[in-house]
Amino acid sequence: MVEMLRPFDLPLRALVGDPIAVLPPDTLEHWETVAAKGAGFRAKLEAIPAAGLDEQDRLTRDYLIALTHGIDDYPRFWLYAFPITPYAGGWRHNTIRQSALGTPLETAEQRAYYIAALKAYAAHVRSQAGKLALQADRGIRIARPAIPGARRTAANLAQASAAFVPATERLSSAPPEEAAFFHAEVAALVEGELAPAFTALGAMLDDAYVAAAPERPGLMWQAGGADHYGRLARLHTGTDLSADEIHAIGVEILRDARAELASIKQSVGFTGSDRAFAAMVDADPRFSATTAEEVAAHFRRAMERIEPVLPRYFSLLPNAPYGIERAPRHIEEGMTFGFYRSPTPEQPVGAYVYNGASPETTSYANAAALIYHELLPGHHFQIALQQENKALPLLRRANGFLFLNAFVEGWAEYAADLADEMGMYATPYERFGRLYSKMFLANRLVVDTGLNAKGWTHEEARRFMQENTFASDAEIESELLRYSTDIPGQALSYAMGQRELLRMRAEARAALGDRFSWPAFHAAVLTPGAVPMSLLDAHLQRWREAGGE
C-alpha cells in the first residue's frame, strides 16, 4: 500500500526522505489505475477478521479499508481540483519548491540531482496544461470571479522560479569552473523551461476560457458538481450529515458566539455594537504591527506563555522543534491566513508560516488563538507526534490524505479552545480574538454550503460574511474563492471535527468520572495518529471500556 501511494503523496514522500526528482504523471488515467489497485487491496483487507487483532493492528486494518474507500474517489477529486488556484495549486507547488530548495549542493551527485529535480518539476507544471484542458472538456472550469487570482498565481510562480537559481554561497564547496557551469545550467533551465511553463499555464485562462467559465462560483454550477460536493462534505466532516444540516449547525454556532461576545463586552464595560467593539480592538496598538518581524513577535509571546503549562495536560510532547516563519512572497497575495508546515528531513522544524504582507492593515488580537491552533498544542503536536511515532506503520505516520481533515483540523480547533480552558487567553480581548476565529469558522459552515449546495450568489455570501464576521473585505473575498473554487468542502472540517472531538471527550468524562485524566485522554486521541472520525470514536470507546488508562 505504501508503494502504491508513495509516488504521488507528497507528505508521505517528505516523511521518508524520498527524492522528488521523479514525479508520476499527473493524469486521470494514473489516478484511475491507483483507484483500481486500491479496490483490490481492500478486498484482501476485508478478508482479515478484526477479532484477535491488537488495538493498533485493528486500527491499521480499519484505517486502510477506509483509505481504499477514499481512493475510490481520487479520480473524481483530481478532476475537480484546479492546478493554479492559490490554496490547492499554491500548496502543491510550494511543497515541491521547498523540497528542491532544501537540497544540498556540496557534491557533484547532489548538483546532478538538483538539475533532475528541476527538470521533473518543469515537466510536472507543463502537464497541468493538459489537466486544465481535460477539465474544460468535461465542463469543469475555474469560475469567472476566481480567474484573476489564478492568473496572478501563475504569474507569481513564474516570477518566483528565479529563486531556484542558487546563491553563490551554496556552491562554495564546488570548484569555481564547476560552480559557474552549474549556476548557468540552472539559470537556463529556470528561464527556458520552468518559468515559461507557469506562464503558459496562466495563458490558458484566456478570453475564450473566461467566456465558457461559470459566471457564479460554487460546485453546484460545475458539471456533476452537486453530487461531488456531497462526497466532499462527507469526506471533510467525517459524518453523513447533509449540506442543509451542516449549514444549520453553522448558524447555531454563530448564535452561541454572539451570546459569548455580549458577555465579553459586558466584562470590559463596552456598550456599543459588536462591530464597534471589533473596531476598537482592531485599533488597539497592543495588537498592531508595522513589520513582519513585529507580527512574528505576537505569535512568539503566545507560544512562550503556553509552553510551561503543557505538561499538565499532555503526557506526550513532540521532539521536533517548532517556530515562526514568513510565507514566500509569491503566495502571500492569495492567502487570508498562514499555514502549518510539518517537519521534513530537509526542513526539520515545524513552522507556522504566516502572511507578513501589509501587517499594518491587520489586528493581531487573535495571534494567540492562531498559534494554539497551528503549533501548540494544535497541528504541531498532532502531526509531529504522529511522524515520530515509530510504533505506527509508515502509512499512518504520513498526513496527506483528504479523509483525515476532520481529525487534523478538528484537533487544531479543539486545541485552540483547550488553551482557553488552560487559561491562556490573558485578557478579554484575547478571548475575543479566539471568538473571532470561531465565528469565522462557523461562517465557513454556512457559506461553504451556501455557495456549493444552496445556490447562494457570490454577493449573498459576501454580504453574509460582512454581517457575521469582522474580517476585511479583502479577507472575505479571498475566503469566498477558497470555498467555492479552490478547495470546496475543506473549510467544513474545522468546526465539524472539533464538534466531534468535544462529543467524544464528554462521553469519556461521563463514562470515567473521577478517573478521567487530561493527559490520558489526549494520549488516547493522539497516539493512533490521524484516523477517520468513526475509527477514533470506536477506538475511544474501547479505551474507555478498558479503564481509560
# chains A, B, ... in the order shown; residues from 1 in each chain; ligands from 1
>>> closest_atom_pairs(of="stretch 163-262 of chain A", to="stretch 120-139 of chain A", cutoff="8 Å", atoms="only C-alpha atoms", output="JSON lines")
{"residue": "A:Glu193", "atom": "CA", "partner": "A:Ala122", "partner_atom": "CA", "distance": 6.1}
{"residue": "A:Leu194", "atom": "CA", "partner": "A:Ala122", "partner_atom": "CA", "distance": 4.7}
{"residue": "A:Ala197", "atom": "CA", "partner": "A:Arg126", "partner_atom": "CA", "distance": 5.4}
{"residue": "A:Phe198", "atom": "CA", "partner": "A:Val125", "partner_atom": "CA", "distance": 6.7}
{"residue": "A:Ala200", "atom": "CA", "partner": "A:Ala129", "partner_atom": "CA", "distance": 7.9}
{"residue": "A:Leu201", "atom": "CA", "partner": "A:Ala129", "partner_atom": "CA", "distance": 5.7}
{"residue": "A:Met204", "atom": "CA", "partner": "A:Ala129", "partner_atom": "CA", "distance": 7.5}
{"residue": "A:Gln222", "atom": "CA", "partner": "A:Gly139", "partner_atom": "CA", "distance": 6.5}
{"residue": "A:Ala223", "atom": "CA", "partner": "A:Gly139", "partner_atom": "CA", "distance": 5.4}
>>> closest_residue(among="A:Ser517, A:Asn94, A:Asn443, A:Ser342", to="A:Tyr322", atoms="only C-alpha atoms")
A:Ser342
>>> residues_around(residues="A:Leu105", least_positions_apart="4", cutoff="9 Å", atoms="only C-alpha atoms", output="ChimeraX atom specification")
/A:109-114,166,170-171,173-174
>>> select_by_dssp(residues="stretch 410-482 of chain A", states="helix (DSSP H, G or I)", output="PyMOL selection string")
chain A and resi 410-421+428-453+458-468+473-482
>>> closest_residue(among="A:Val531, A:Ala511, A:Ala546, A:Ala415", to="A:Ala398", atoms="only C-alpha atoms")
A:Val531
>>> atom_distance(atom1="atom CA of A:Ala320", atom2="atom CA of A:Leu376")
12.0 Å
>>> residues_around(residues="A:Ala471", least_positions_apart="3", cutoff="10 Å", atoms="only C-alpha atoms", output="list in words")
Ala278, Thr336, Thr362, Tyr436, Ser437, Phe440, Met465, Gln466, Glu467, Asn468, Ala474, Glu475, Ile476, Glu477 and Glu479 of chain A
>>> atom_distance(atom1="atom CA of A:Gly529", atom2="atom CA of A:Ala406")
12.7 Å
>>> closest_residue(among="A:Ala100, A:Gly513, A:Val446, A:Pro377", to="A:Asp420", atoms="only C-alpha atoms")
A:Pro377
>>> atom_distance(atom1="atom CA of A:Gly323", atom2="atom CA of A:Val349")
6.8 Å
>>> closest_residue(among="A:Glu294, A:Thr239, A:Phe337, A:Leu502", to="A:Ile371", atoms="only C-alpha atoms")
A:Phe337
>>> residues_around(residues="A:Leu441", least_positions_apart="2", cutoff="10 Å", atoms="only C-alpha atoms", output="MDAnalysis selection string")
chainID A and resid 250 253:254 413 435:439 443:447 469 491:496
